[in-house]
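Reviewing the structure listed below.
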Amino acid sequence: MALHPTVDRVTKRIEARSTDRRRLYESRMEQQHRRGVHRGELSCGNLAHGFAACSPADKNSLKLMNATNIGIVSSYNDMLSAHQPFEHFPEAIREAARSMGSTAQFAGGVPAMCDGVTQGQPGMELSLFSRDVIAMSTAVALSHNMFDSALYLGVCDKIVPGLFIGAARFGHLPALFVPAGPMPSGLPNSEKSRIRQLYAEGKVGRDALLEAESESYHSPGTCTFYGTANSNQLMMEMMGLHLPGTSFVNPGTPLRDAITRYATEQVIRNSDQGGSYRPFYRQITAKAIVNALIGLLASGGSTNHTLHLVAMAASVGVTLNWDDFDELSAVIPSLTRIYPNGQADVNHFHAAGGVSFLVRELLGAGLMHADVETAFGTDMTAYTQEPFLEDGRLVWREGTQQSLDEDVLRPASRPFSPTGGLAVLDGNLGRGVIKVSAVKPEMRLVEAPVRIFDDQSQVRAAFESGELDRDVIVVVRFQGPRANGMPELHQLTPFLGVLQDRGHKVALVTDGRMSGASGKVPAAIHITPEAVDAGPIAYLRDGDIVRLDPDSGVLEARVDAATWAARAPATSDLNHYHHGMGRELFAGFRQQVGGAEEGAATFGGFDAADLHGE
């Protein structure tokens, strides 16, 4: 099937825009590769330190430069359900490497915080910045020059983007990302949402709420709704950084264990010593980035990737912007209904055909690039396959050619919607994004007076007092990356959902973030410039009429020009955001972070300064 003209045009535009940055990135990675096996550069003292704790057999292998040594970078901790399964992965990886005459060393761990634990808490203000800490931690882990390839173990919201950005700095190394898999399905998502709203209205107590939450998040594995964590997994597969069909295999199963062993063997085959050198930097091109974006749109994925994917692209010398999201969203059909866009979870999605069916449909419709080199050793056409065990041996077979549940997953010929799940908003309030895949069409356009808050805790008080029981656009500002680290405001969802259920037209406008599980209430988020930088959102006043129209891409204040010009930007005392729970340590991040459309990164990719600096 010929490539869709819009996909072709946007990709070529990105490539042209990125020419100088990409050339510089590739040049630097080629220089690193030409230096050869890094252990060969180490002095005897350096090398002795590097393998002092290894077994005699591993030491002998590491003394040889013709054996591959894999660096393992992991986000394991035993508090987070998504990352707890990684506890036993390193030993399995070491054993698989030894079986091929190679070695693997645990290079380092990266922090992994859970937005589900920190929602509405001060710790959430560290969440976005943790992505860049993870990227730097990955660089530290791999900085010992001991490794010929790398395996990256991570799942959740900031962890995979951070690992990706760190991997890009070591792009001369072959890489595979190794998922842990989702937990089995628990309490249906619709019931969980119902209990949350009842609690918000004071109709059930905390004991009922905790019981419902515990039945939803109940075992090792990734949370099963389609938020940022599971969007990460789908995007990694769409870029060929996972093995085909492996993103949503449950943890603790023989199939999952076999996948981890095979990933080890494959990253050895992809090394210089393995004879089929496939470095990360050659694999992750503008086409791979576009494939990730297309997968995100077709599946109604997380709004957080309007930040993360931009930063990830920059790390490999590719300049992505929100116009690219918007233009592709106009032609990429919505092919899934996974909570919060529907009632199914990712286990249901996987059972209905999963990523292999999604890739088959997108390739068949000319809506993604097939000619992307993958870590599997093929192009993307192999990602229509799924893994199976045959007599204990891992094999791949073609996935289903028909959806097994069209309430969850549909062919491109019969989509849920002809367009993707994200839209870009422009107007006199700045630029922002909105996830529309979970919003009913009749609820998308909202024109109403605004009620302004500078802290999300104020919204709950206003709701409980009845102030918001009307048509209203709730504005929560001073929540951008420079103000306080851009926390998610997911705890607002139940209150706004109750107002919508009462028949009111309701929306949210904020320079902060919503959860990757953004739901049924229209939310214009990531507004840039942010309020702390005197962005237009800082000029709003209570009672101003604002129009939010995702279908037309409009976000504007209906205030006459003279009145608007006479106003000064509002300010807010942000001191309480900057102290306690370690927030003092991130003052430098708040000062140097870029804007939302640039990925809200605290360090750049390859900009003009890089081009002239070396």
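In the structure tokens, chains take the letters A, B, ... in the order shown, each chain's residues start at 1, and ligands count up from 1 in the order shown.
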Could you give me, as JSON, numbers by chain, the residues within 7 Å of A:Tyr152, counting only C-alpha atoms and dropping anything in the same chain fewer than 5 positions from it?
{"A": [72, 73, 74, 163, 176, 177, 178]}
Near-A:Thr381 list (10 Å; only C-alpha atoms; drop same-chain fewer than 3 positions) as a ChimeraX atom specification:
/A:244,356,359-360,363,369-372,378,384-385
Quick one: everything within 8 Å of A:Ala438, counting only C-alpha atoms, minus sequence neighbours fewer than 4 positions away in the same chain. Send it as an NGL selection string.
:A and (340-342 or 421 or 518-520)
Can I get the selection written as a tab-separated table (two decimals), in the first residue's frame, with C-alpha atoms?
chain	number	residue	atom	x	y	z
A	340	PRO	CA	-10.64	5.90	29.51
A	341	ASN	CA	-11.69	5.95	25.84
A	342	GLY	CA	-13.85	2.85	26.40
A	421	GLY	CA	-7.47	11.24	19.64
A	518	SER	CA	-7.58	11.90	30.88
A	519	GLY	CA	-11.27	11.20	30.60
A	520	LYS	CA	-14.64	12.48	29.58
If we count only C-alpha atoms, what is near A:Ala352 at a cut-off of 7 Å, once residues fewer than 6 positions away on the same chain are taken out, given as a list of chain:residue names?
A:Ser403, A:Leu404, A:Asp405, A:Leu409
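If only C-alpha atoms are the atoms counted, then among A:Thr68, A:Gln121, A:Thr285, A:Thr222 the closest residue to A:Glu15 is A:Thr285.
One distance worth recording is that between atom CA of A:Asn232 and atom CA of A:Arg393, which is 27.6 Å.
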Residues of stretch 374-558 of chain A in strand (DSSP E or B), written as number ranges by chain
A: 385-390, 393-398, 409, 417, 422-427, 430-435, 446-453, 472-476, 488, 506-510, 513, 523-528, 545-549, 554-557
When you look at A:Leu496 with a cut-off of 10 Å (counting only C-alpha atoms), what residues show up, excluding the ones that are within fewer than 2 positions of it in the same chain? I need them as a list in words.
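Close residues of A:Leu496: Gln197, Ala200, Val459, Arg460, Phe463, Leu468, Asp469, Val472, Ile473, Val474, Gln491, Leu492, Thr493, Pro494, Val498, Leu499, Gln500, Asp501, Arg502, His504, Lys505, Val506, Ala507, Leu508, Lys520, Val521 and Pro522 of chain A.
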Please save C-alpha atoms of the selected residues as a PDB file, in the first residue's frame.
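As a result, out22.pdb now contains:
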ATOM      1  CA  GLN A 197     -17.458  10.050  41.554  1.00  0.00           C
ATOM      2  CA  ALA A 200     -16.406  13.053  45.312  1.00  0.00           C
ATOM      3  CA  VAL A 459     -11.140  23.549  43.160  1.00  0.00           C
ATOM      4  CA  ARG A 460     -12.345  20.904  45.569  1.00  0.00           C
ATOM      5  CA  PHE A 463     -17.027  22.276  44.280  1.00  0.00           C
ATOM      6  CA  LEU A 468     -19.186  25.410  40.410  1.00  0.00           C
ATOM      7  CA  ASP A 469     -22.695  23.984  40.014  1.00  0.00           C
ATOM      8  CA  VAL A 472     -18.153  26.724  33.880  1.00  0.00           C
ATOM      9  CA  ILE A 473     -14.628  26.541  32.545  1.00  0.00           C
ATOM     10  CA  VAL A 474     -12.301  25.873  35.442  1.00  0.00           C
ATOM     11  CA  GLN A 491      -7.703  14.541  41.079  1.00  0.00           C
ATOM     12  CA  LEU A 492      -9.893  17.192  39.462  1.00  0.00           C
ATOM     13  CA  THR A 493     -11.497  14.625  37.145  1.00  0.00           C
ATOM     14  CA  PRO A 494     -14.150  13.238  39.556  1.00  0.00           C
ATOM     15  CA  VAL A 498     -19.947  15.099  38.520  1.00  0.00           C
ATOM     16  CA  LEU A 499     -20.719  18.594  37.212  1.00  0.00           C
ATOM     17  CA  GLN A 500     -20.897  17.272  33.667  1.00  0.00           C
ATOM     18  CA  ASP A 501     -23.211  14.450  34.758  1.00  0.00           C
ATOM     19  CA  ARG A 502     -25.515  17.056  36.289  1.00  0.00           C
ATOM     20  CA  HIS A 504     -23.605  21.360  32.894  1.00  0.00           C
ATOM     21  CA  LYS A 505     -21.171  22.314  30.179  1.00  0.00           C
ATOM     22  CA  VAL A 506     -17.790  21.920  31.873  1.00  0.00           C
ATOM     23  CA  ALA A 507     -14.148  22.168  30.797  1.00  0.00           C
ATOM     24  CA  LEU A 508     -10.684  22.596  32.266  1.00  0.00           C
ATOM     25  CA  LYS A 520     -14.643  12.478  29.582  1.00  0.00           C
ATOM     26  CA  VAL A 521     -14.304  16.166  30.520  1.00  0.00           C
ATOM     27  CA  PRO A 522     -12.673  18.363  27.837  1.00  0.00           C
TER      28      PRO A 522
END
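Minimum atom-to-atom distances from A:Ala600, A:Ala523, A:Ala483, A:Cys156 to A:Asn575 were compared using only C-alpha atoms, and the lowest value belongs to A:Ala483.
Nearest to A:Ala524 of all the residues A:Glu598, A:Asp272, A:Asp379, A:Asp511 is A:Asp511, counting only C-alpha atoms.
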